[in-house]
file protein-v1.csv (CSV, C-alpha atoms and all ligand atoms)
chain,number,residue,atom,x,y,z
A,4,MET,CA,1.6,-3.3,-1.4
A,5,THR,CA,2.8,0.2,-2.5
A,6,ASN,CA,5.7,1.5,-0.5
A,7,ILE,CA,4.9,5.2,0.1
A,8,PHE,CA,8.1,5.8,2.0
A,9,GLU,CA,11.0,7.4,0.2
A,10,ALA,CA,14.1,5.1,-0.2
A,11,GLY,CA,16.9,6.3,2.1
A,12,LEU,CA,14.4,8.0,4.4
A,13,PHE,CA,16.3,6.9,7.5
A,14,ARG,CA,19.9,6.9,6.2
A,15,GLY,CA,22.2,7.6,9.2
A,16,LYS,CA,19.6,6.5,11.7
A,17,ARG,CA,20.1,3.7,14.2
A,18,ALA,CA,17.4,1.4,15.7
A,19,PHE,CA,17.4,-1.2,18.5
A,20,VAL,CA,14.6,-3.8,18.1
A,21,ALA,CA,13.9,-5.9,21.2
A,22,GLY,CA,12.3,-9.2,20.2
A,23,GLY,CA,13.4,-8.5,16.6
A,24,SER,CA,14.3,-12.1,15.6
A,25,SER,CA,10.9,-13.1,14.3
A,26,GLY,CA,7.4,-12.1,13.3
A,27,ILE,CA,6.1,-8.6,13.5
A,28,ASN,CA,9.2,-7.1,15.1
A,29,LEU,CA,11.5,-8.7,12.5
A,30,GLU,CA,9.3,-7.2,9.8
A,31,ILE,CA,9.6,-3.8,11.4
A,32,ALA,CA,13.4,-4.2,11.7
A,33,SER,CA,13.5,-5.3,8.0
A,34,ARG,CA,11.5,-2.2,6.9
A,35,LEU,CA,13.7,0.1,8.9
A,36,ALA,CA,16.8,-1.5,7.5
A,37,GLY,CA,15.4,-1.2,4.0
A,38,LEU,CA,14.9,2.5,4.5
A,39,GLY,CA,18.6,3.0,5.4
A,40,THR,CA,18.5,2.5,9.2
A,41,GLU,CA,21.4,0.6,10.9
A,42,VAL,CA,19.5,-2.0,13.0
A,43,ALA,CA,20.3,-4.1,16.0
A,44,ILE,CA,18.0,-6.9,17.0
A,45,PHE,CA,17.9,-8.6,20.4
A,46,SER,CA,16.3,-11.9,21.6
A,47,ARG,CA,17.1,-15.1,23.6
A,48,SER,CA,17.8,-17.6,20.8
A,49,GLN,CA,21.3,-17.3,19.2
A,50,GLU,CA,20.0,-19.4,16.3
A,51,LYS,CA,17.0,-17.1,15.6
A,52,ILE,CA,19.2,-14.0,15.9
A,53,ASP,CA,21.8,-15.5,13.5
A,54,ALA,CA,19.1,-16.4,10.9
A,55,ALA,CA,17.4,-13.0,11.2
A,56,VAL,CA,20.7,-11.0,10.9
A,57,ALA,CA,21.7,-13.1,7.9
A,58,GLY,CA,18.3,-12.4,6.2
A,59,LEU,CA,18.5,-8.7,6.9
A,60,ARG,CA,22.1,-8.5,5.5
A,61,GLU,CA,21.1,-10.6,2.4
A,62,ALA,CA,18.5,-8.0,1.7
A,63,GLY,CA,21.2,-5.3,1.8
A,64,GLY,CA,20.6,-4.1,5.4
A,65,ASN,CA,23.1,-3.0,8.0
A,66,ALA,CA,22.2,-5.3,10.9
A,67,THR,CA,23.8,-6.8,14.0
A,68,GLY,CA,22.4,-9.1,16.7
A,69,PHE,CA,22.5,-9.4,20.5
A,70,THR,CA,21.4,-12.4,22.5
A,71,GLY,CA,19.7,-12.0,25.9
A,72,ASP,CA,16.5,-12.0,27.9
A,73,VAL,CA,14.5,-8.8,28.3
A,74,ARG,CA,13.7,-9.9,31.9
A,75,GLN,CA,17.4,-9.4,32.8
A,76,TYR,CA,18.1,-5.7,33.0
A,77,GLU,CA,21.9,-6.1,32.9
A,78,ALA,CA,21.7,-8.1,29.6
A,79,VAL,CA,19.4,-5.5,28.0
A,80,ASP,CA,21.6,-2.6,29.2
A,81,ALA,CA,24.8,-4.3,28.0
A,82,ALA,CA,23.4,-4.9,24.5
A,83,ILE,CA,21.9,-1.4,24.2
A,84,SER,CA,25.2,0.3,25.5
A,85,ASP,CA,27.3,-1.8,23.1
A,86,PHE,CA,25.1,-0.9,20.1
A,87,ALA,CA,24.9,2.8,21.1
A,88,GLN,CA,28.6,3.2,21.7
A,89,ALA,CA,29.5,1.5,18.4
A,90,GLY,CA,27.7,4.3,16.4
A,91,GLY,CA,27.2,7.3,18.6
A,92,GLY,CA,23.6,6.7,19.9
A,93,ILE,CA,20.2,5.4,19.0
A,94,ASP,CA,17.3,7.1,17.2
A,95,PHE,CA,14.6,4.5,17.3
A,96,VAL,CA,13.7,1.8,19.8
A,97,ILE,CA,11.1,-0.9,19.2
A,98,SER,CA,10.1,-2.9,22.3
A,99,GLY,CA,8.2,-6.0,21.1
A,100,ALA,CA,9.5,-9.0,23.0
A,101,ALA,CA,6.5,-10.9,24.4
A,102,GLY,CA,5.2,-14.2,25.6
A,103,ASN,CA,1.7,-15.6,25.1
A,104,PHE,CA,-0.3,-18.8,25.7
A,105,VAL,CA,-3.9,-19.5,26.2
A,106,ALA,CA,-4.7,-20.3,29.8
A,107,PRO,CA,-7.7,-19.9,32.1
A,108,ALA,CA,-6.9,-17.5,34.9
A,109,ALA,CA,-8.1,-19.9,37.6
A,110,GLN,CA,-5.9,-22.7,36.3
A,111,MET,CA,-2.6,-21.1,35.4
A,112,SER,CA,0.1,-21.0,38.0
A,113,ALA,CA,1.2,-17.7,39.6
A,114,ASN,CA,4.5,-18.2,37.9
A,115,ALA,CA,2.8,-18.4,34.5
A,116,PHE,CA,1.1,-15.1,35.1
A,117,ARG,CA,4.3,-13.6,36.4
A,118,THR,CA,6.3,-14.8,33.4
A,119,VAL,CA,4.2,-12.9,30.9
A,120,VAL,CA,4.2,-9.7,33.1
A,121,GLU,CA,7.9,-10.0,33.4
A,122,ILE,CA,8.6,-10.5,29.7
A,123,ASP,CA,6.1,-7.9,28.4
A,124,LEU,CA,5.9,-5.2,31.0
A,125,MET,CA,9.1,-5.4,32.9
A,126,GLY,CA,10.9,-6.2,29.6
A,127,THR,CA,9.5,-3.0,28.0
A,128,TYR,CA,10.5,-0.9,31.0
A,129,HIS,CA,14.0,-2.4,30.9
A,130,VAL,CA,14.4,-1.7,27.2
A,131,LEU,CA,13.2,1.9,27.4
A,132,ARG,CA,15.0,2.6,30.7
A,133,ALA,CA,18.4,1.3,29.3
A,134,SER,CA,17.9,3.2,26.1
A,135,PHE,CA,17.2,6.7,27.5
A,136,ALA,CA,20.8,7.7,28.2
A,137,HIS,CA,21.8,6.8,24.6
A,138,LEU,CA,19.0,8.5,22.7
A,139,ARG,CA,19.9,11.1,20.1
A,140,ARG,CA,17.6,13.9,21.1
A,141,PRO,CA,15.6,15.8,20.3
A,142,GLY,CA,14.1,13.5,17.7
A,143,ALA,CA,14.2,10.0,19.1
A,144,SER,CA,11.1,7.8,18.6
A,145,LEU,CA,10.3,4.9,20.9
A,146,ILE,CA,7.6,2.4,20.0
A,147,ASN,CA,6.1,-0.2,22.3
A,148,ILE,CA,4.4,-3.2,20.6
A,149,SER,CA,1.3,-3.7,22.8
A,150,ALA,CA,-1.9,-5.5,21.7
A,151,VAL,CA,-5.6,-5.1,21.5
A,152,GLN,CA,-5.8,-7.2,24.7
A,153,SER,CA,-4.6,-4.1,26.6
A,154,GLN,CA,-8.0,-2.4,25.9
A,155,GLN,CA,-10.3,-5.3,25.3
A,156,ALA,CA,-10.6,-8.2,27.8
A,157,ILE,CA,-10.4,-11.6,26.1
A,158,PRO,CA,-11.0,-14.9,27.9
A,159,PHE,CA,-7.9,-16.9,28.8
A,160,GLN,CA,-5.7,-13.9,28.3
A,161,ALA,CA,-5.7,-12.3,31.8
A,162,HIS,CA,-1.9,-12.4,31.9
A,163,VAL,CA,-1.5,-10.8,28.5
A,164,CYS,CA,-4.4,-8.2,29.0
A,165,SER,CA,-2.8,-7.1,32.3
A,166,ALA,CA,0.8,-6.9,31.0
A,167,LYS,CA,-0.2,-5.1,27.8
A,168,ALA,CA,-2.4,-2.6,29.7
A,169,GLY,CA,0.7,-1.8,31.8
A,170,ILE,CA,2.7,-1.2,28.6
A,171,ASP,CA,0.1,1.3,27.4
A,172,MET,CA,0.2,3.3,30.6
A,173,LEU,CA,4.0,3.1,30.7
A,174,THR,CA,4.0,4.5,27.2
A,175,LYS,CA,2.0,7.5,28.3
A,176,ALA,CA,4.0,8.0,31.5
A,177,LEU,CA,7.3,8.0,29.6
A,178,ALA,CA,5.9,10.3,26.9
A,179,VAL,CA,5.0,12.7,29.6
A,180,GLU,CA,8.4,12.5,31.4
A,181,TRP,CA,10.6,12.4,28.3
A,182,GLY,CA,8.7,14.7,26.0
A,183,PRO,CA,10.5,17.8,27.3
A,184,ALA,CA,13.8,16.1,26.3
A,185,GLY,CA,12.5,15.7,22.7
A,186,VAL,CA,11.7,12.0,22.9
A,187,ARG,CA,8.4,10.7,21.5
A,188,VAL,CA,7.0,7.5,23.0
A,189,ASN,CA,4.0,5.7,21.4
A,190,ALA,CA,2.4,2.2,21.4
A,191,ILE,CA,1.1,0.1,18.5
A,192,LEU,CA,-1.8,-2.3,19.3
A,193,PRO,CA,-1.9,-4.9,16.6
A,194,GLY,CA,-5.1,-7.0,16.1
A,195,PRO,CA,-4.8,-10.5,14.7
A,196,ILE,CA,-1.8,-10.6,12.4
A,197,ALA,CA,-1.5,-13.4,9.8
A,198,ASP,CA,1.5,-15.7,9.7
A,199,THR,CA,2.7,-15.0,13.2
A,200,GLU,CA,3.6,-17.1,16.3
A,201,GLY,CA,1.1,-15.0,18.2
A,202,MET,CA,-1.9,-16.1,16.1
A,203,ARG,CA,-0.6,-19.7,15.8
A,204,ARG,CA,-1.0,-19.8,19.6
A,205,LEU,CA,-4.4,-18.0,19.7
A,206,SER,CA,-6.2,-19.6,16.7
A,207,SER,CA,-5.4,-23.3,16.8
A,208,THR,CA,-7.9,-24.4,14.1
A,209,PRO,CA,-8.9,-23.0,10.7
A,210,GLU,CA,-12.5,-22.7,12.0
A,211,LEU,CA,-11.4,-20.5,14.9
A,212,ALA,CA,-9.3,-18.4,12.6
A,213,GLU,CA,-12.3,-17.8,10.4
A,214,LYS,CA,-14.4,-16.9,13.4
A,215,ILE,CA,-11.8,-14.4,14.6
A,216,ALA,CA,-11.7,-12.8,11.1
A,217,ARG,CA,-15.5,-12.4,11.0
A,218,ALA,CA,-15.4,-10.5,14.3
A,219,ILE,CA,-13.1,-7.9,12.7
A,220,PRO,CA,-14.8,-5.0,10.9
A,221,LEU,CA,-12.4,-5.4,7.9
A,222,GLN,CA,-13.2,-9.2,7.9
A,223,ARG,CA,-9.6,-10.3,7.8
A,224,TYR,CA,-6.3,-10.7,9.6
A,225,GLY,CA,-3.8,-7.9,9.2
A,226,THR,CA,-0.3,-8.4,7.7
A,227,LYS,CA,3.1,-7.8,9.3
A,228,ALA,CA,3.7,-5.2,6.6
A,229,GLU,CA,0.7,-3.2,7.7
A,230,VAL,CA,2.0,-3.0,11.3
A,231,ALA,CA,5.5,-2.1,9.9
A,232,ASN,CA,3.9,0.8,8.0
A,233,LEU,CA,2.6,2.3,11.2
A,234,ALA,CA,6.0,1.8,12.9
A,235,VAL,CA,7.8,3.5,10.0
A,236,PHE,CA,5.3,6.4,10.2
A,237,LEU,CA,5.9,6.8,13.9
A,238,CYS,CA,9.7,6.9,13.4
A,239,SER,CA,9.4,9.5,10.6
A,240,ASP,CA,9.2,13.2,10.8
A,241,ALA,CA,5.6,12.9,9.5
A,242,ALA,CA,4.8,11.9,13.1
A,243,SER,CA,6.8,14.7,14.8
A,244,TYR,CA,3.8,15.8,16.9
A,245,VAL,CA,2.6,12.3,17.8
A,246,SER,CA,3.6,11.2,21.3
A,247,GLY,CA,1.8,9.3,24.1
A,248,ALA,CA,-0.5,7.8,21.5
A,249,ILE,CA,-1.9,4.3,21.8
A,250,LEU,CA,-2.6,3.4,18.2
A,251,ALA,CA,-4.5,0.4,17.1
A,252,CYS,CA,-3.6,-1.4,13.9
A,253,ASP,CA,-6.5,-3.9,14.2
A,254,GLY,CA,-8.9,-3.7,11.2
A,255,GLY,CA,-11.4,-1.9,13.5
A,256,GLN,CA,-11.5,-4.6,16.2
A,257,LEU,CA,-11.4,-2.1,19.1
A,258,ALA,CA,-14.3,-0.1,17.5
A,259,GLY,CA,-16.7,-3.0,17.9
A,260,ASN,CA,-17.9,-6.3,16.5
A,261,PRO,CA,-19.7,-6.0,13.1
A,262,SER,CA,-21.9,-9.1,13.7
A,263,GLY,CA,-24.7,-6.9,14.9
A,264,ILE,CA,-25.4,-9.2,17.9
A,265,VAL,CA,-26.7,-7.0,20.8
A,266,GLY,CA,-27.0,-8.1,24.4
A,301,LIG,P1,7.1,-13.8,17.8
A,301,LIG,O1,7.4,-14.1,16.4
A,301,LIG,O2,7.0,-14.9,18.8
A,301,LIG,O3,8.0,-12.6,18.4
A,301,LIG,C1,8.4,-12.5,19.7
A,301,LIG,C2,9.8,-12.1,19.7
A,301,LIG,O4,10.2,-11.8,21.1
A,301,LIG,C3,10.8,-13.2,19.2
A,301,LIG,O5,11.9,-12.5,18.5
A,301,LIG,C4,11.4,-13.8,20.5
A,301,LIG,O6,12.6,-14.4,20.2
A,301,LIG,C5,11.4,-12.6,21.4
A,301,LIG,N1,11.3,-12.9,22.8
A,301,LIG,C6,10.3,-13.6,23.5
A,301,LIG,N2,10.6,-13.7,24.8
A,301,LIG,C7,11.7,-13.0,25.0
A,301,LIG,C8,12.5,-12.6,26.1
A,301,LIG,N3,12.2,-13.1,27.3
A,301,LIG,N4,13.6,-11.9,25.9
A,301,LIG,C9,14.0,-11.5,24.7
A,301,LIG,N5,13.3,-11.7,23.6
A,301,LIG,C10,12.2,-12.5,23.7
A,301,LIG,O7,5.6,-13.1,17.9
A,301,LIG,P2,4.7,-12.1,17.1
A,301,LIG,O8,3.4,-12.8,17.0
A,301,LIG,O9,5.3,-11.6,15.9
A,301,LIG,O10,4.5,-11.0,18.2
A,301,LIG,C11,5.4,-9.8,18.2
A,301,LIG,C12,4.8,-8.7,19.0
A,301,LIG,O11,3.5,-8.3,18.5
A,301,LIG,C13,4.6,-9.1,20.5
A,301,LIG,O12,4.8,-8.0,21.3
A,301,LIG,C14,3.1,-9.5,20.5
A,301,LIG,O13,2.5,-9.4,21.8
A,301,LIG,C15,2.5,-8.4,19.6
A,301,LIG,N6,1.2,-8.8,19.0
A,301,LIG,C16,1.1,-9.8,18.1
A,301,LIG,C17,-0.1,-10.1,17.6
A,301,LIG,C18,-0.2,-11.2,16.5
A,301,LIG,O14,-1.3,-11.3,15.9
A,301,LIG,N7,0.8,-11.9,16.3
A,301,LIG,C19,-1.2,-9.4,18.0
A,301,LIG,C20,-1.1,-8.4,18.9
A,301,LIG,C21,0.1,-8.1,19.4
A,301,LIG,P3,13.4,-15.5,21.1
A,301,LIG,O15,12.4,-16.7,21.2
A,301,LIG,O16,14.7,-15.7,20.4
A,301,LIG,O17,13.6,-14.8,22.5
A,302,LIG,N1,-0.5,-22.8,29.8
A,302,LIG,C1,-0.4,-22.6,31.2
A,302,LIG,N2,0.8,-22.3,31.7
A,302,LIG,C2,1.9,-22.2,30.9
A,302,LIG,C3,1.8,-22.4,29.5
A,302,LIG,C4,0.5,-22.7,29.0
A,302,LIG,N3,0.3,-23.0,27.7
A,302,LIG,N4,3.0,-22.3,29.0
A,302,LIG,C5,3.9,-22.0,30.0
A,302,LIG,N5,3.2,-22.0,31.2
A,302,LIG,C6,3.7,-21.8,32.5
A,302,LIG,C7,4.8,-22.8,32.9
A,302,LIG,O1,4.1,-24.0,33.3
A,302,LIG,C8,5.5,-22.1,34.0
A,302,LIG,O2,4.8,-22.1,35.2
A,302,LIG,P1,5.3,-23.1,36.4
A,302,LIG,O3,6.7,-22.8,36.7
A,302,LIG,O4,4.3,-22.8,37.5
A,302,LIG,O5,5.1,-24.5,35.8
A,302,LIG,C9,5.5,-20.6,33.5
A,302,LIG,O6,4.5,-20.5,32.5
A,302,LIG,C10,6.8,-20.3,32.8
A,302,LIG,O7,7.1,-21.2,31.8
A,302,LIG,P2,8.5,-21.5,31.2
A,302,LIG,O8,8.3,-22.4,30.0
A,302,LIG,O9,9.5,-21.8,32.2
A,302,LIG,O10,8.8,-20.0,30.6
A,302,LIG,P3,9.9,-19.5,29.6
A,302,LIG,O11,10.4,-18.2,30.2
A,302,LIG,O12,10.9,-20.5,29.2
A,302,LIG,O13,9.0,-19.2,28.3
A,302,LIG,C11,6.8,-18.5,27.6
A,302,LIG,C12,8.1,-18.1,28.3
A,302,LIG,C13,6.0,-19.5,28.4
A,302,LIG,C14,5.9,-17.2,27.4
A,302,LIG,C15,7.1,-19.2,26.2
A,302,LIG,O14,5.9,-19.6,25.6
A,302,LIG,C16,7.8,-18.3,25.2
A,302,LIG,O15,9.1,-18.2,25.3
A,302,LIG,N6,7.1,-17.5,24.4
A,302,LIG,C17,7.8,-16.6,23.4
A,302,LIG,C18,7.1,-16.6,22.0
A,302,LIG,C19,5.7,-16.2,22.1
A,302,LIG,O16,4.9,-16.4,23.1
A,302,LIG,N7,5.3,-15.6,21.0
A,302,LIG,C20,4.0,-15.0,20.8
A,302,LIG,C21,4.1,-13.5,21.2
A,302,LIG,S1,2.4,-12.8,21.1

call {"tool": "encode", "arguments": {"input": "protein-v1.csv", "output": "structure tokens", "more": "lines below"}}
Ligand code: NAP
Ligand code: COA
result
Amino acid sequence: MTNIFEAGLFRGKRAFVAGGSSGINLEIASRLAGLGTEVAIFSRSQEKIDAAVAGLREAGGNATGFTGDVRQYEAVDAAISDFAQAGGGIDFVISGAAGNFVAPAAQMSANAFRTVVEIDLMGTYHVLRASFAHLRRPGASLINISAVQSQQAIPFQAHVCSAKAGIDMLTKALAVEWGPAGVRVNAILPGPIADTEGMRRLSSTPELAEKIARAIPLQRYGTKAEVANLAVFLCSDAASYVSGAILACDGGQLAGNPSGIVG
């Protein structure tokens, strides 16, 4: 894929990526680092953090890692404060830590539902709340990684649909509150993205994966790189008047199903 972004675009910038040790969020961290951003990633597993930081550094990036759970405000706050103080602030925040599993609403436990709401929605609030005091502003760009489930109800995803819908509204609420301080807040809603833990959990067989792809207007899964392109755009000055936006990167999924089946 052609890289339309100028090398060194983000030289001198600093990004905190929550949930940045794998998948879509790691791809975003990697793209930001490749464009000159100093990146900090945060997640629960020390092993995953170490592997991801090593990979980012091997590719020439300036990266550090922090271990913690987004459900614990103190852990999030400590990591963000440490990273901010080490370099004089933060320019970009990506909040993408999430949990997902397939479970019928009438059969999952209350704790199962609560777990996803606490990781996705409370976690996102924690990350953005802890960041605010350290943002270089005007100019900071905050991106929440939501999902198409926030706008389109999907069976066995009641927990995820609810948590992600909360993230979309939190995105708008913070864009409204923090816009006057020169802080932009946006959300990206990925559709099905290939080679990710999310889709390994949602499409358990090749037949199901094929069925999901056929329901997408562009007839395929997206790539992690395609989501990272949108994140880079949102961090860049090209998006300087974009805030409070809920932006799908979904091959047209939210526009409708191309199968033509009516009723
Ligand atoms: P992934 O590889 O499993 O990424 C999840 C990340 O969050 C990992 O780094 C994980 O690391 C971290 N994490 C999970 N729980 C955490 C917690 N409690 N505290 C701190 N970190 C935590 O999944 P992915 O499929 O790439 O998904 C990434 C994001 O894209 C998610 O927000 C997801 O909802 C969204 N999304 C994905 C798709 C898709 O097709 N994959 C579609 C729509 C939306 P640890 O295990 O080390 O904590
Ligand atoms: N179906 C139904 N309930 C499930 C479940 C499933 N597949 N997986 C977990 N749960 C329930 C558990 O039974 C538990 O409820 P209980 O206490 O009433 O038994 C509750 O959810 C919490 O599970 P636990 O394993 O203690 O949570 P955790 O905090 O260790 O892990 C998860 C969080 C469950 C979301 C785990 O899958 C995870 O860490 N996911 C991160 C990676 C991911 O999901 N990536 C895709 C992102 S789109």

call {"tool": "residues_near_ligand", "arguments": {"input": "protein-v1.csv", "ligand": "ligand LIG 302 (chain A)", "cutoff": "10 Å", "atoms": "all atoms listed in the file", "output": "JSON, numbers by chain"}}
result
{"A": [22, 25, 26, 27, 46, 47, 48, 72, 74, 99, 100, 101, 102, 103, 104, 105, 106, 107, 108, 110, 111, 112, 113, 114, 115, 116, 117, 118, 119, 120, 121, 122, 123, 148, 149, 150, 159, 163, 195, 196, 199, 200, 201, 202, 203, 204, 205]}

call {"tool": "atom_distance", "arguments": {"input": "protein-v1.csv", "atom1": "CA of Pro141 (chain A)", "atom2": "CA of Asn6 (chain A)"}}
result
27.1 Å

call {"tool": "atom_distance", "arguments": {"input": "protein-v1.csv", "atom1": "atom N6 of ligand LIG 301 (chain A)", "atom2": "CA of Ser246 (chain A)"}}
result
20.3 Å

call {"tool": "closest_residue", "arguments": {"input": "protein-v1.csv", "among": "A:His162, A:Arg139, A:Lys51, A:His129", "to": "ligand LIG 301 (chain A)", "atoms": "all atoms listed in the file"}}
result
A:Lys51

call {"tool": "residues_around", "arguments": {"input": "protein-v1.csv", "residues": "region 182-185 of chain A", "least_positions_apart": "3", "cutoff": "7 Å", "atoms": "only C-alpha atoms", "output": "list in words"}}
result
Arg140, Pro141, Gly142, Ala143, Ala178 and Val179 of chain A

call {"tool": "closest_residue", "arguments": {"input": "protein-v1.csv", "among": "A:Gly247, A:Met125, A:Asp198, A:Asn232", "to": "Met172 (chain A)", "atoms": "only C-alpha atoms"}}
result
A:Gly247

call {"tool": "closest_residue", "arguments": {"input": "protein-v1.csv", "among": "A:Ile146, A:Ala228, A:Ile93, A:Ala166", "to": "Val188 (chain A)", "atoms": "only C-alpha atoms"}}
result
A:Ile146

call {"tool": "atom_distance", "arguments": {"input": "protein-v1.csv", "atom1": "CA of Lys16 (chain A)", "atom2": "atom C21 of ligand LIG 301 (chain A)"}}
result
25.5 Å

call {"tool": "closest_residue", "arguments": {"input": "protein-v1.csv", "among": "A:Gln152, A:Ser206, A:Ser24, A:Thr226", "to": "Val42 (chain A)", "atoms": "only C-alpha atoms"}}
result
A:Ser24

call {"tool": "closest_residue", "arguments": {"input": "protein-v1.csv", "among": "A:Val56, A:Val130, A:Ala234, A:Ala89", "to": "Tyr76 (chain A)", "atoms": "all atoms listed in the file"}}
result
A:Val130

call {"tool": "closest_residue", "arguments": {"input": "protein-v1.csv", "among": "A:Glu50, A:Glu9, A:Asp240, A:Asp80", "to": "ligand LIG 301 (chain A)", "atoms": "all atoms listed in the file"}}
result
A:Glu50

call {"tool": "residues_around", "arguments": {"input": "protein-v1.csv", "residues": "Leu131 (chain A)", "least_positions_apart": "5", "cutoff": "8 Å", "atoms": "only C-alpha atoms", "output": "MDAnalysis selection string"}}
result
chainID A and resid 96 98 145
